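Taking it in order: structure first as structure tokens, then the write-up.
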Amino acid sequence: MTEAETLFHKIAADIPDAKEGKMFGALCIKAPNGKAGVMFWKEYIVIKLGGEEQEKALQLKNAKMFDPMGNGRAMNGWVQLGYEHKSKWETLSHTAMESVKKLK
């Protein structure tokens, strides 16, 4: 297991009421309502963010909207961050999970 994946599992374990699962074949963290807020994809963390939090995250070097197919059709609200931003992964993951657990 890589350092990035180990960190993902640690973050998942530290989020109250969250469960690890799969989304599009990738590891993810789901809220009790079944909604995913965080994914681990190819050594990146992909986080569901909106508004100001999304804008701030996209200002980080090499951050971008998540485009899983690489065809220019990014998933709305999902920001991809590399391991170089590992210090931000936990805080942003908690922010995302607080938001998705309110979804119906």
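Quick note on naming: the chains in the structure tokens go A, B, ... in the order shown, residues restart at 1 in each chain, and ligands are numbered from 1 in order of appearance.
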Requested in this report: For Gln54 (chain A), work out the shell of residues within 12 Å, counting only C-alpha atoms and skipping chain neighbours fewer than 3 positions away, then give it as a list of chain:residue names.
Outcome: A:Val46, A:Ile47, A:Lys48, A:Leu49, A:Gly50, A:Gly51, A:Ala57, A:Leu58, A:Gln59, A:Leu60, A:Ala63, A:Lys64, A:Met65, A:Phe66, A:Asn76, A:Gly77, A:Trp78, A:Val79, A:Gln80, A:Leu81, A:Leu92, A:Ser93, A:Thr95, A:Ala96
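Secondary structure of chain A, strand (DSSP E or B) only (DSSP, backbone atoms): Lys19, Glu20, Gly21, Lys22, Met23, Ala26, Leu27, Cys28, Ile29, Lys30, Ala36, Gly37, Val38, Met39, Phe40, Trp41, Tyr44, Ile45, Val46, Ile47, Lys48, Lys64, Met65, Trp78, Val79, Gln80 and Leu81 of chain A.
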Quick one: which region 55-100 of chain A residues come within 9 Å of region 7-26 of chain A, and what is the nearest atom pair for each with the distance in Å to one decimal, counting only C-alpha atoms, rows ordered by chain and ascending number, as JSON lines?
```
{"residue": "A:Lys86", "atom": "CA", "partner": "A:Leu7", "partner_atom": "CA", "distance": 8.1}
{"residue": "A:Trp89", "atom": "CA", "partner": "A:Ile11", "partner_atom": "CA", "distance": 8.1}
{"residue": "A:Glu90", "atom": "CA", "partner": "A:Ile11", "partner_atom": "CA", "distance": 5.9}
{"residue": "A:Ser93", "atom": "CA", "partner": "A:Ile11", "partner_atom": "CA", "distance": 7.6}
{"residue": "A:His94", "atom": "CA", "partner": "A:Ile15", "partner_atom": "CA", "distance": 6.7}
{"residue": "A:Met97", "atom": "CA", "partner": "A:Ile15", "partner_atom": "CA", "distance": 8.0}
```
Query - CA of Pro32 (chain A) to CA of Thr2 (chain A), distance in Å rounded to a single decimal - result: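 Answer for the CA of Pro32 (chain A) to CA of Thr2 (chain A) separation: 27.2 Å.
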Requested in this report: Take CA of Lys88 (chain A) and CA of Glu53 (chain A) and report the distance between them in Å, one decimal.
Outcome: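 So the answer is 11.6 Å.
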Please run DSSP on the backbone and report, as a JSON list (two decimals) with N, CA and C atoms, in the first residue's frame, all residues within chain A that come out as helix (DSSP H, G or I).
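Below is the file result_7.json, written as the result:
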```json
[["chain", "number", "residue", "atom", "x", "y", "z"],
["A", 3, "GLU", "N", 1.93, 5.35, 0.47],
["A", 3, "GLU", "CA", 1.71, 6.34, 1.54],
["A", 3, "GLU", "C", 0.40, 7.08, 1.31],
["A", 4, "ALA", "N", 0.10, 7.38, 0.05],
["A", 4, "ALA", "CA", -1.13, 8.11, -0.26],
["A", 4, "ALA", "C", -2.36, 7.28, 0.11],
["A", 5, "GLU", "N", -2.35, 6.00, -0.22],
["A", 5, "GLU", "CA", -3.49, 5.14, 0.11],
["A", 5, "GLU", "C", -3.61, 4.95, 1.62],
["A", 6, "THR", "N", -2.49, 4.81, 2.30],
["A", 6, "THR", "CA", -2.50, 4.69, 3.76],
["A", 6, "THR", "C", -3.14, 5.92, 4.38],
["A", 7, "LEU", "N", -2.77, 7.10, 3.88],
["A", 7, "LEU", "CA", -3.36, 8.34, 4.39],
["A", 7, "LEU", "C", -4.86, 8.37, 4.13],
["A", 8, "PHE", "N", -5.29, 7.95, 2.94],
["A", 8, "PHE", "CA", -6.72, 7.91, 2.63],
["A", 8, "PHE", "C", -7.47, 7.06, 3.66],
["A", 9, "HIS", "N", -6.96, 5.86, 3.96],
["A", 9, "HIS", "CA", -7.61, 4.97, 4.92],
["A", 9, "HIS", "C", -7.64, 5.59, 6.32],
["A", 10, "LYS", "N", -6.58, 6.29, 6.70],
["A", 10, "LYS", "CA", -6.54, 6.96, 8.00],
["A", 10, "LYS", "C", -7.61, 8.04, 8.07],
["A", 11, "ILE", "N", -7.72, 8.82, 7.01],
["A", 11, "ILE", "CA", -8.74, 9.88, 6.96],
["A", 11, "ILE", "C", -10.13, 9.26, 7.07],
["A", 12, "ALA", "N", -10.38, 8.20, 6.32],
["A", 12, "ALA", "CA", -11.69, 7.54, 6.35],
["A", 12, "ALA", "C", -12.02, 7.06, 7.76],
["A", 13, "ALA", "N", -11.04, 6.50, 8.45],
["A", 13, "ALA", "CA", -11.26, 5.99, 9.80],
["A", 13, "ALA", "C", -11.54, 7.11, 10.80],
["A", 14, "ASP", "N", -11.04, 8.30, 10.52],
["A", 14, "ASP", "CA", -11.19, 9.43, 11.45],
["A", 14, "ASP", "C", -12.48, 10.24, 11.24],
["A", 51, "GLY", "N", -18.60, 25.95, -4.02],
["A", 51, "GLY", "CA", -18.41, 27.34, -3.65],
["A", 51, "GLY", "C", -16.99, 27.74, -3.36],
["A", 52, "GLU", "N", -16.83, 28.45, -2.26],
["A", 52, "GLU", "CA", -15.54, 29.01, -1.87],
["A", 52, "GLU", "C", -14.49, 27.92, -1.61],
["A", 53, "GLU", "N", -14.91, 26.82, -1.01],
["A", 53, "GLU", "CA", -13.96, 25.73, -0.73],
["A", 53, "GLU", "C", -13.40, 25.16, -2.03],
["A", 54, "GLN", "N", -14.26, 25.01, -3.02],
["A", 54, "GLN", "CA", -13.81, 24.52, -4.33],
["A", 54, "GLN", "C", -12.83, 25.50, -4.97],
["A", 55, "GLU", "N", -13.17, 26.77, -4.93],
["A", 55, "GLU", "CA", -12.30, 27.79, -5.51],
["A", 55, "GLU", "C", -10.93, 27.81, -4.85],
["A", 56, "LYS", "N", -10.90, 27.71, -3.53],
["A", 56, "LYS", "CA", -9.62, 27.68, -2.80],
["A", 56, "LYS", "C", -8.80, 26.46, -3.18],
["A", 57, "ALA", "N", -9.45, 25.32, -3.25],
["A", 57, "ALA", "CA", -8.74, 24.08, -3.57],
["A", 57, "ALA", "C", -8.16, 24.14, -4.99],
["A", 58, "LEU", "N", -8.90, 24.71, -5.91],
["A", 58, "LEU", "CA", -8.43, 24.79, -7.29],
["A", 58, "LEU", "C", -7.26, 25.76, -7.46],
["A", 83, "TYR", "N", -0.76, 14.04, -3.97],
["A", 83, "TYR", "CA", -0.18, 13.78, -2.65],
["A", 83, "TYR", "C", 0.68, 14.94, -2.17],
["A", 84, "GLU", "N", 1.13, 15.79, -3.07],
["A", 84, "GLU", "CA", 1.91, 16.96, -2.68],
["A", 84, "GLU", "C", 1.11, 17.87, -1.74],
["A", 85, "HIS", "N", -0.22, 17.71, -1.75],
["A", 85, "HIS", "CA", -1.10, 18.51, -0.88],
["A", 85, "HIS", "C", -1.67, 17.68, 0.26],
["A", 86, "LYS", "N", -0.94, 16.66, 0.66],
["A", 86, "LYS", "CA", -1.42, 15.75, 1.71],
["A", 86, "LYS", "C", -1.80, 16.48, 2.99],
["A", 87, "SER", "N", -1.17, 17.61, 3.26],
["A", 87, "SER", "CA", -1.49, 18.36, 4.47],
["A", 87, "SER", "C", -2.91, 18.94, 4.43],
["A", 88, "LYS", "N", -3.50, 19.02, 3.26],
["A", 88, "LYS", "CA", -4.85, 19.58, 3.10],
["A", 88, "LYS", "C", -5.91, 18.48, 2.98],
["A", 89, "TRP", "N", -5.47, 17.25, 2.72],
["A", 89, "TRP", "CA", -6.42, 16.17, 2.46],
["A", 89, "TRP", "C", -7.43, 15.97, 3.58],
["A", 90, "GLU", "N", -6.97, 15.93, 4.80],
["A", 90, "GLU", "CA", -7.88, 15.62, 5.92],
["A", 90, "GLU", "C", -8.93, 16.71, 6.12],
["A", 91, "THR", "N", -8.50, 17.96, 6.18],
["A", 91, "THR", "CA", -9.44, 19.06, 6.40],
["A", 91, "THR", "C", -10.48, 19.12, 5.27],
["A", 92, "LEU", "N", -10.02, 19.03, 4.04],
["A", 92, "LEU", "CA", -10.96, 19.09, 2.91],
["A", 92, "LEU", "C", -11.89, 17.89, 2.89],
["A", 93, "SER", "N", -11.40, 16.73, 3.28],
["A", 93, "SER", "CA", -12.25, 15.53, 3.34],
["A", 93, "SER", "C", -13.35, 15.70, 4.37],
["A", 94, "HIS", "N", -13.01, 16.23, 5.53],
["A", 94, "HIS", "CA", -14.02, 16.47, 6.57],
["A", 94, "HIS", "C", -15.05, 17.48, 6.07],
["A", 95, "THR", "N", -14.60, 18.53, 5.40],
["A", 95, "THR", "CA", -15.52, 19.54, 4.85],
["A", 95, "THR", "C", -16.48, 18.89, 3.86],
["A", 96, "ALA", "N", -15.94, 18.07, 2.97],
["A", 96, "ALA", "CA", -16.78, 17.40, 1.97],
["A", 96, "ALA", "C", -17.80, 16.48, 2.62],
["A", 97, "MET", "N", -17.37, 15.72, 3.60],
["A", 97, "MET", "CA", -18.28, 14.75, 4.22],
["A", 97, "MET", "C", -19.37, 15.45, 5.03],
["A", 98, "GLU", "N", -19.05, 16.57, 5.66],
["A", 98, "GLU", "CA", -20.09, 17.34, 6.36],
["A", 98, "GLU", "C", -21.16, 17.80, 5.38],
["A", 99, "SER", "N", -20.72, 18.17, 4.19],
["A", 99, "SER", "CA", -21.66, 18.64, 3.17],
["A", 99, "SER", "C", -22.51, 17.51, 2.60],
["A", 100, "VAL", "N", -21.89, 16.40, 2.22],
["A", 100, "VAL", "CA", -22.65, 15.32, 1.56],
["A", 100, "VAL", "C", -23.58, 14.60, 2.52]]
```
